[in-house]
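J.: Got a structure for you, final_14.txt, holding compact mmCIF, N, CA and C atoms.
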```txt
# COMPACT_ATOMS: atom_id res chain seq x y z
N GLN A 1 0.84 -1.19 0.00
CA GLN A 1 0.00 0.00 0.00
C GLN A 1 0.88 1.24 0.00
N VAL A 2 0.47 2.24 -0.75
CA VAL A 2 1.20 3.49 -0.83
C VAL A 2 0.31 4.60 -0.27
N GLN A 3 0.89 5.40 0.57
CA GLN A 3 0.17 6.56 1.08
C GLN A 3 0.65 7.81 0.37
N LEU A 4 -0.29 8.62 -0.06
CA LEU A 4 0.00 9.88 -0.71
C LEU A 4 -0.59 11.00 0.14
N VAL A 5 0.24 11.98 0.47
CA VAL A 5 -0.21 13.07 1.32
C VAL A 5 0.05 14.39 0.62
N GLU A 6 -1.03 15.10 0.30
CA GLU A 6 -0.93 16.40 -0.35
C GLU A 6 -0.78 17.51 0.68
N SER A 7 -0.13 18.58 0.26
CA SER A 7 -0.03 19.78 1.09
C SER A 7 0.06 20.99 0.17
N GLY A 8 -0.10 22.15 0.76
CA GLY A 8 -0.10 23.38 -0.02
C GLY A 8 -1.53 23.82 -0.29
N GLY A 9 -1.72 24.74 -1.19
CA GLY A 9 -3.05 25.22 -1.50
C GLY A 9 -3.48 26.30 -0.53
N GLY A 10 -4.80 26.31 -0.24
CA GLY A 10 -5.35 27.35 0.62
C GLY A 10 -6.07 28.39 -0.20
N LEU A 11 -6.13 29.60 0.33
CA LEU A 11 -6.83 30.71 -0.32
C LEU A 11 -5.83 31.57 -1.08
N VAL A 12 -6.11 31.78 -2.36
CA VAL A 12 -5.22 32.55 -3.23
C VAL A 12 -6.05 33.55 -4.02
N GLN A 13 -5.51 34.73 -4.25
CA GLN A 13 -6.21 35.70 -5.08
C GLN A 13 -6.07 35.36 -6.56
N ALA A 14 -7.05 35.72 -7.32
CA ALA A 14 -6.98 35.53 -8.78
C ALA A 14 -5.73 36.21 -9.33
N GLY A 15 -5.05 35.50 -10.21
CA GLY A 15 -3.80 36.00 -10.76
C GLY A 15 -2.58 35.59 -9.98
N GLY A 16 -2.81 35.04 -8.80
CA GLY A 16 -1.71 34.62 -7.93
C GLY A 16 -1.21 33.23 -8.24
N SER A 17 -0.29 32.78 -7.38
CA SER A 17 0.35 31.48 -7.57
C SER A 17 0.37 30.71 -6.27
N THR A 18 0.47 29.40 -6.42
CA THR A 18 0.67 28.54 -5.27
C THR A 18 1.27 27.24 -5.77
N ARG A 19 1.84 26.46 -4.85
CA ARG A 19 2.41 25.18 -5.23
C ARG A 19 1.88 24.09 -4.32
N LEU A 20 1.44 23.03 -4.95
CA LEU A 20 1.00 21.85 -4.22
C LEU A 20 2.12 20.82 -4.20
N SER A 21 2.19 20.10 -3.10
CA SER A 21 3.16 19.01 -2.97
C SER A 21 2.42 17.72 -2.62
N CYS A 22 3.00 16.62 -3.04
CA CYS A 22 2.45 15.31 -2.71
C CYS A 22 3.62 14.41 -2.33
N ALA A 23 3.59 13.91 -1.12
CA ALA A 23 4.65 13.05 -0.63
C ALA A 23 4.17 11.60 -0.62
N ALA A 24 5.00 10.71 -1.14
CA ALA A 24 4.66 9.29 -1.19
C ALA A 24 5.45 8.52 -0.14
N SER A 25 4.84 7.43 0.32
CA SER A 25 5.43 6.69 1.43
C SER A 25 6.37 5.57 1.00
N ARG A 26 6.46 5.28 -0.29
CA ARG A 26 7.23 4.14 -0.75
C ARG A 26 8.44 4.57 -1.57
N ARG A 27 9.54 3.80 -1.40
CA ARG A 27 10.75 4.09 -2.18
C ARG A 27 10.57 3.74 -3.64
N THR A 28 9.54 2.92 -3.96
CA THR A 28 9.28 2.55 -5.35
C THR A 28 8.58 3.67 -6.10
N PHE A 29 8.45 4.83 -5.46
CA PHE A 29 7.83 6.01 -6.06
C PHE A 29 8.38 6.28 -7.45
N SER A 30 9.68 6.08 -7.63
CA SER A 30 10.32 6.42 -8.91
C SER A 30 9.84 5.56 -10.07
N THR A 31 9.11 4.49 -9.79
CA THR A 31 8.58 3.63 -10.85
C THR A 31 7.11 3.94 -11.16
N TYR A 32 6.54 4.93 -10.47
CA TYR A 32 5.13 5.25 -10.65
C TYR A 32 4.95 6.43 -11.60
N THR A 33 3.95 6.34 -12.43
CA THR A 33 3.46 7.51 -13.14
C THR A 33 2.55 8.27 -12.17
N MET A 34 2.74 9.58 -12.11
CA MET A 34 2.01 10.40 -11.13
C MET A 34 1.13 11.42 -11.84
N ALA A 35 0.09 11.83 -11.15
CA ALA A 35 -0.83 12.80 -11.74
C ALA A 35 -1.53 13.61 -10.67
N TRP A 36 -2.10 14.71 -11.11
CA TRP A 36 -2.98 15.54 -10.30
C TRP A 36 -4.35 15.58 -10.97
N PHE A 37 -5.38 15.44 -10.16
CA PHE A 37 -6.77 15.61 -10.58
C PHE A 37 -7.40 16.64 -9.67
N ARG A 38 -8.57 17.15 -10.05
CA ARG A 38 -9.27 18.09 -9.18
C ARG A 38 -10.78 17.87 -9.25
N LEU A 39 -11.42 18.23 -8.14
CA LEU A 39 -12.86 18.10 -8.03
C LEU A 39 -13.43 19.44 -7.58
N ALA A 40 -14.19 20.05 -8.47
CA ALA A 40 -14.82 21.33 -8.18
C ALA A 40 -16.27 21.09 -7.78
N PRO A 41 -16.85 22.00 -7.00
CA PRO A 41 -18.25 21.83 -6.58
C PRO A 41 -19.18 21.68 -7.78
N GLY A 42 -20.03 20.67 -7.71
CA GLY A 42 -21.02 20.45 -8.75
C GLY A 42 -20.47 19.83 -10.02
N LYS A 43 -19.20 19.45 -10.01
CA LYS A 43 -18.59 18.86 -11.21
C LYS A 43 -18.00 17.49 -10.89
N GLU A 44 -17.66 16.76 -11.95
CA GLU A 44 -16.98 15.50 -11.78
C GLU A 44 -15.47 15.76 -11.64
N ARG A 45 -14.79 14.81 -11.02
CA ARG A 45 -13.35 14.95 -10.87
C ARG A 45 -12.72 14.92 -12.26
N GLU A 46 -11.75 15.81 -12.49
CA GLU A 46 -11.15 15.93 -13.80
C GLU A 46 -9.63 15.90 -13.73
N PHE A 47 -9.04 15.47 -14.82
CA PHE A 47 -7.60 15.41 -14.97
C PHE A 47 -7.02 16.81 -15.03
N VAL A 48 -5.85 16.99 -14.39
CA VAL A 48 -5.14 18.26 -14.44
C VAL A 48 -3.79 18.09 -15.15
N ALA A 49 -2.97 17.17 -14.65
CA ALA A 49 -1.63 16.99 -15.21
C ALA A 49 -1.09 15.64 -14.82
N ALA A 50 -0.17 15.11 -15.64
CA ALA A 50 0.48 13.84 -15.34
C ALA A 50 1.95 13.94 -15.71
N ILE A 51 2.78 13.08 -15.06
CA ILE A 51 4.21 13.09 -15.33
C ILE A 51 4.71 11.65 -15.29
N SER A 52 5.63 11.33 -16.19
CA SER A 52 6.15 9.98 -16.28
C SER A 52 7.13 9.70 -15.15
N GLU A 53 7.59 8.44 -15.07
CA GLU A 53 8.38 7.98 -13.93
C GLU A 53 9.61 8.84 -13.67
N ARG A 54 10.32 9.19 -14.71
CA ARG A 54 11.53 9.98 -14.53
C ARG A 54 11.34 11.45 -14.85
N GLY A 55 10.12 11.83 -15.18
CA GLY A 55 9.80 13.23 -15.41
C GLY A 55 10.01 13.71 -16.83
N GLY A 56 10.36 12.80 -17.73
CA GLY A 56 10.65 13.22 -19.09
C GLY A 56 9.43 13.56 -19.92
N ASN A 57 8.29 13.08 -19.50
CA ASN A 57 7.03 13.36 -20.20
C ASN A 57 6.03 13.97 -19.26
N GLN A 58 5.33 14.99 -19.74
CA GLN A 58 4.24 15.61 -18.99
C GLN A 58 3.05 15.80 -19.93
N ASN A 59 1.89 15.82 -19.32
CA ASN A 59 0.66 16.07 -20.08
C ASN A 59 -0.23 16.95 -19.23
N TYR A 60 -0.96 17.85 -19.88
CA TYR A 60 -1.79 18.81 -19.16
C TYR A 60 -3.18 18.89 -19.77
N ALA A 61 -4.14 19.16 -18.92
CA ALA A 61 -5.46 19.51 -19.41
C ALA A 61 -5.37 20.85 -20.14
N GLU A 62 -6.19 21.02 -21.16
CA GLU A 62 -6.16 22.26 -21.93
C GLU A 62 -6.43 23.47 -21.05
N SER A 63 -7.26 23.31 -20.05
CA SER A 63 -7.66 24.43 -19.20
C SER A 63 -6.53 24.97 -18.34
N VAL A 64 -5.45 24.18 -18.16
CA VAL A 64 -4.35 24.63 -17.30
C VAL A 64 -3.04 24.76 -18.07
N LYS A 65 -3.04 24.38 -19.31
CA LYS A 65 -1.81 24.39 -20.10
C LYS A 65 -1.26 25.81 -20.18
N GLY A 66 0.04 25.95 -19.91
CA GLY A 66 0.68 27.25 -19.92
C GLY A 66 0.63 27.97 -18.59
N ARG A 67 -0.19 27.48 -17.67
CA ARG A 67 -0.29 28.11 -16.34
C ARG A 67 0.22 27.19 -15.23
N PHE A 68 0.01 25.90 -15.37
CA PHE A 68 0.42 24.94 -14.35
C PHE A 68 1.62 24.13 -14.84
N THR A 69 2.47 23.73 -13.90
CA THR A 69 3.61 22.89 -14.22
C THR A 69 3.71 21.75 -13.22
N ILE A 70 3.76 20.53 -13.73
CA ILE A 70 3.95 19.37 -12.87
C ILE A 70 5.42 18.98 -12.90
N SER A 71 5.94 18.60 -11.75
CA SER A 71 7.33 18.16 -11.66
C SER A 71 7.43 17.12 -10.55
N ARG A 72 8.57 16.47 -10.47
CA ARG A 72 8.77 15.47 -9.43
C ARG A 72 10.22 15.43 -9.00
N ASP A 73 10.43 14.97 -7.78
CA ASP A 73 11.76 14.77 -7.24
C ASP A 73 11.79 13.35 -6.68
N ASN A 74 12.34 12.43 -7.43
CA ASN A 74 12.30 11.03 -7.00
C ASN A 74 13.18 10.77 -5.77
N ALA A 75 14.17 11.60 -5.57
CA ALA A 75 15.00 11.45 -4.37
C ALA A 75 14.22 11.77 -3.11
N LYS A 76 13.18 12.59 -3.26
CA LYS A 76 12.35 12.98 -2.11
C LYS A 76 10.99 12.30 -2.12
N ASN A 77 10.77 11.41 -3.09
CA ASN A 77 9.46 10.74 -3.22
C ASN A 77 8.33 11.76 -3.27
N ALA A 78 8.50 12.78 -4.10
CA ALA A 78 7.52 13.85 -4.11
C ALA A 78 7.19 14.29 -5.53
N VAL A 79 5.96 14.74 -5.70
CA VAL A 79 5.51 15.34 -6.95
C VAL A 79 4.88 16.68 -6.61
N TYR A 80 5.01 17.63 -7.53
CA TYR A 80 4.58 18.99 -7.27
C TYR A 80 3.67 19.49 -8.39
N LEU A 81 2.87 20.48 -8.05
CA LEU A 81 2.07 21.17 -9.06
C LEU A 81 2.21 22.67 -8.79
N GLN A 82 2.97 23.33 -9.65
CA GLN A 82 3.10 24.78 -9.58
C GLN A 82 1.94 25.39 -10.35
N MET A 83 1.18 26.24 -9.69
CA MET A 83 -0.03 26.81 -10.26
C MET A 83 0.13 28.32 -10.34
N ASN A 84 0.18 28.86 -11.54
CA ASN A 84 0.34 30.29 -11.76
C ASN A 84 -0.90 30.85 -12.45
N SER A 85 -1.02 32.16 -12.41
CA SER A 85 -2.14 32.86 -13.08
C SER A 85 -3.47 32.20 -12.72
N LEU A 86 -3.67 32.01 -11.46
CA LEU A 86 -4.86 31.28 -11.01
C LEU A 86 -6.13 32.05 -11.30
N LYS A 87 -7.18 31.29 -11.58
CA LYS A 87 -8.49 31.84 -11.89
C LYS A 87 -9.51 31.28 -10.89
N PRO A 88 -10.61 31.97 -10.67
CA PRO A 88 -11.64 31.44 -9.77
C PRO A 88 -12.10 30.05 -10.17
N GLU A 89 -12.11 29.75 -11.45
CA GLU A 89 -12.55 28.43 -11.89
C GLU A 89 -11.55 27.32 -11.58
N ASP A 90 -10.38 27.69 -11.07
CA ASP A 90 -9.43 26.68 -10.60
C ASP A 90 -9.75 26.21 -9.18
N THR A 91 -10.72 26.84 -8.55
CA THR A 91 -11.12 26.45 -7.20
C THR A 91 -11.61 25.00 -7.20
N ALA A 92 -10.98 24.18 -6.36
CA ALA A 92 -11.30 22.76 -6.33
C ALA A 92 -10.50 22.09 -5.22
N VAL A 93 -10.85 20.85 -4.95
CA VAL A 93 -9.99 19.97 -4.15
C VAL A 93 -9.07 19.25 -5.13
N TYR A 94 -7.79 19.35 -4.87
CA TYR A 94 -6.78 18.76 -5.77
C TYR A 94 -6.26 17.46 -5.16
N TYR A 95 -6.23 16.41 -6.00
CA TYR A 95 -5.83 15.08 -5.57
C TYR A 95 -4.58 14.64 -6.32
N CYS A 96 -3.68 14.03 -5.58
CA CYS A 96 -2.51 13.39 -6.14
C CYS A 96 -2.85 11.92 -6.38
N ALA A 97 -2.35 11.35 -7.49
CA ALA A 97 -2.65 9.96 -7.82
C ALA A 97 -1.41 9.27 -8.36
N ALA A 98 -1.31 7.96 -8.12
CA ALA A 98 -0.15 7.18 -8.54
C ALA A 98 -0.57 5.94 -9.30
N ASP A 99 0.08 5.71 -10.44
CA ASP A 99 -0.12 4.48 -11.22
C ASP A 99 1.12 3.61 -10.99
N ARG A 100 0.97 2.54 -10.24
CA ARG A 100 2.10 1.70 -9.87
C ARG A 100 2.67 0.93 -11.06
N SER A 101 1.92 0.84 -12.15
CA SER A 101 2.40 0.12 -13.33
C SER A 101 3.36 0.98 -14.15
N GLY A 102 3.33 2.30 -13.91
CA GLY A 102 4.20 3.19 -14.66
C GLY A 102 3.82 3.27 -16.12
N GLY A 103 4.82 3.52 -16.97
CA GLY A 103 4.55 3.67 -18.39
C GLY A 103 4.01 5.05 -18.70
N TRP A 104 3.67 5.21 -19.99
CA TRP A 104 3.18 6.52 -20.40
C TRP A 104 2.28 6.35 -21.61
N GLY A 105 1.13 7.05 -21.58
CA GLY A 105 0.22 6.98 -22.71
C GLY A 105 -1.01 7.81 -22.46
N PRO A 106 -1.90 7.87 -23.43
CA PRO A 106 -3.14 8.66 -23.29
C PRO A 106 -3.98 8.22 -22.09
N ARG A 107 -3.81 6.97 -21.67
CA ARG A 107 -4.59 6.48 -20.54
C ARG A 107 -4.31 7.28 -19.27
N HIS A 108 -3.20 7.95 -19.21
CA HIS A 108 -2.83 8.65 -17.98
C HIS A 108 -3.53 9.98 -17.82
N SER A 109 -4.46 10.28 -18.71
CA SER A 109 -5.27 11.47 -18.53
C SER A 109 -6.68 11.13 -18.04
N VAL A 110 -6.89 9.88 -17.66
CA VAL A 110 -8.15 9.47 -17.04
C VAL A 110 -7.86 8.76 -15.73
N GLU A 111 -8.89 8.55 -14.92
CA GLU A 111 -8.69 8.04 -13.57
C GLU A 111 -8.31 6.56 -13.50
N SER A 112 -8.76 5.78 -14.46
CA SER A 112 -8.71 4.32 -14.32
C SER A 112 -7.34 3.71 -14.05
N PRO A 113 -6.22 4.22 -14.60
CA PRO A 113 -4.94 3.54 -14.34
C PRO A 113 -4.40 3.76 -12.93
N TYR A 114 -4.93 4.73 -12.20
CA TYR A 114 -4.32 5.15 -10.95
C TYR A 114 -4.82 4.28 -9.78
N ASP A 115 -3.82 3.72 -9.08
CA ASP A 115 -4.11 2.77 -8.00
C ASP A 115 -4.24 3.44 -6.65
N TYR A 116 -3.51 4.51 -6.45
CA TYR A 116 -3.45 5.15 -5.14
C TYR A 116 -3.81 6.64 -5.28
N TRP A 117 -4.53 7.10 -4.27
CA TRP A 117 -5.00 8.48 -4.26
C TRP A 117 -4.73 9.11 -2.89
N GLY A 118 -4.41 10.40 -2.92
CA GLY A 118 -4.31 11.14 -1.67
C GLY A 118 -5.68 11.57 -1.18
N GLN A 119 -5.68 12.26 -0.06
CA GLN A 119 -6.94 12.68 0.56
C GLN A 119 -7.45 14.00 -0.02
N GLY A 120 -6.58 14.69 -0.75
CA GLY A 120 -6.98 15.94 -1.39
C GLY A 120 -6.60 17.16 -0.57
N THR A 121 -6.38 18.27 -1.26
CA THR A 121 -6.10 19.54 -0.60
C THR A 121 -6.90 20.62 -1.32
N GLN A 122 -7.48 21.52 -0.54
CA GLN A 122 -8.37 22.54 -1.09
C GLN A 122 -7.57 23.73 -1.62
N VAL A 123 -7.93 24.16 -2.81
CA VAL A 123 -7.42 25.41 -3.37
C VAL A 123 -8.63 26.28 -3.68
N THR A 124 -8.64 27.46 -3.11
CA THR A 124 -9.73 28.40 -3.34
C THR A 124 -9.15 29.67 -3.92
N VAL A 125 -9.65 30.06 -5.09
CA VAL A 125 -9.16 31.26 -5.77
C VAL A 125 -10.25 32.32 -5.69
N SER A 126 -9.93 33.43 -5.04
CA SER A 126 -10.90 34.50 -4.88
C SER A 126 -10.75 35.52 -6.01
N SER A 127 -11.87 36.07 -6.42
CA SER A 127 -11.85 37.04 -7.53
C SER A 127 -11.69 38.45 -7.01
```
In structure tokens, write the structure found in this file.

T.:
Amino acid sequence: QVQLVESGGGLVQAGGSTRLSCAASRRTFSTYTMAWFRLAPGKEREFVAAISERGGNQNYAESVKGRFTISRDNAKNAVYLQMNSLKPEDTAVYYCAADRSGGWGPRHSVESPYDYWGQGTQVTVSS
């Protein structure tokens, strides 16, 4: 079992920035494909960004492309989401997810490959 613990977020003004972190409990973290998803009020959970095992590949939802950056530090068993130029519509609970099978492909922009999920962290963007 892998535990994922998100941190960061909180209340941010529109146009501002914040960074989310996700810490994993297993040393095998470096073999996992990692991603961020978000759940906004009244909506279904949606894909935000994904990163391959060594960080060489990233994928982003169109709504965040150019504003958000996903990165990872395998030495620290951590993945990050740098969020810039925030908008009120970015308000959501953000979840970290891990695919223990690794690899890379279009499947990593949907929920089904991900085996482990964090508890989520709230990001609220005020206008």

J.: Restricting the calculation to only C-alpha atoms, which member of A:Ser112, A:Ser101, A:Gln58, A:Thr69 is positioned closest to Thr31 (chain A)?

T.: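 Answer, going by the shortest atom-to-atom distance: A:Ser101.
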
J.: Mind checking which residues fall within 8 Å of Ala50 (chain A), counting all atoms listed in the file, ignoring those fewer than 5 positions away in the same chain, and posting them as a count of residues only?

T.: 15

J.: Any chance you could tabulate, as JSON lines, the residues of region 68-103 of chain A at most 5 Å from region 118-126 of chain A with each one's nearest atom pair and distance in Å to one decimal, using only N, CA and C atoms, in chain and rising number order?

T.:
```
{"residue": "A:Pro88", "atom": "CA", "partner": "A:Val125", "partner_atom": "C", "distance": 4.4}
{"residue": "A:Thr91", "atom": "CA", "partner": "A:Val123", "partner_atom": "C", "distance": 4.3}
{"residue": "A:Ala92", "atom": "C", "partner": "A:Val123", "partner_atom": "N", "distance": 4.1}
{"residue": "A:Val93", "atom": "CA", "partner": "A:Thr121", "partner_atom": "C", "distance": 4.2}
{"residue": "A:Tyr94", "atom": "N", "partner": "A:Thr121", "partner_atom": "C", "distance": 3.9}
{"residue": "A:Tyr95", "atom": "CA", "partner": "A:Gly120", "partner_atom": "CA", "distance": 4.4}
{"residue": "A:Cys96", "atom": "C", "partner": "A:Gly118", "partner_atom": "N", "distance": 4.1}
```

J.: Report the closest atom pair, with its distance in Å rounded to one decimal, for each residue of region 38-94 of chain A that has an atom no farther than 7 Å from region 11-17 of chain A; count all atoms listed in the file, sort by chain and then rising residue number, and write it as CSV.

T.:
```
residue,atom,partner,partner_atom,distance
A:Gln82,C,A:Ser17,CA,6.9
A:Met83,C,A:Ser17,CA,4.2
A:Asn84,CA,A:Ser17,CA,4.4
A:Ser85,CA,A:Gly15,C,4.2
A:Leu86,C,A:Gly15,N,3.8
A:Lys87,N,A:Gly15,N,4.9
A:Pro88,N,A:Ala14,CA,5.4
```

J.: Adding 3 Å on each side of the box along x, y and z that holds all listed atoms of region 38-49 of chain A, could you give its centre and edge lengths in Å to one decimal, as lines of an AutoDock Vina configuration file?

T.:
```
center_x = -11.1
center_y = 18.4
center_z = -10.9
size_x = 25.9
size_y = 13.2
size_z = 14.6
```

J.: Go through A:Gly56, A:Ala24, A:Asp73, A:Gly105 and flag the residue nearest Val2 (chain A), using all atoms listed in the file for the distances.

T.: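 Closest to Val2 (chain A) of all the choices is A:Ala24.
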
J.: For the atom pair CA of Ser30 (chain A) and atom C of Ile51 (chain A), what is the interatomic distance in Å to one decimal place?

T.: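 A separation of 10.0 Å between them.
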
J.: Which residues are close to Gly8 (chain A), i.e. within 5 Å by only N, CA and C atoms, leaving aside same-chain residues fewer than 3 positions away? Reply as a ChimeraX atom specification.

T.: /A:19-21

J.: Interatomic distance between CA of Tyr80 (chain A) and CA of Gly42 (chain A)?

T.: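 If I compute the distance from CA of Tyr80 (chain A) to CA of Gly42 (chain A), I get 25.7 Å.
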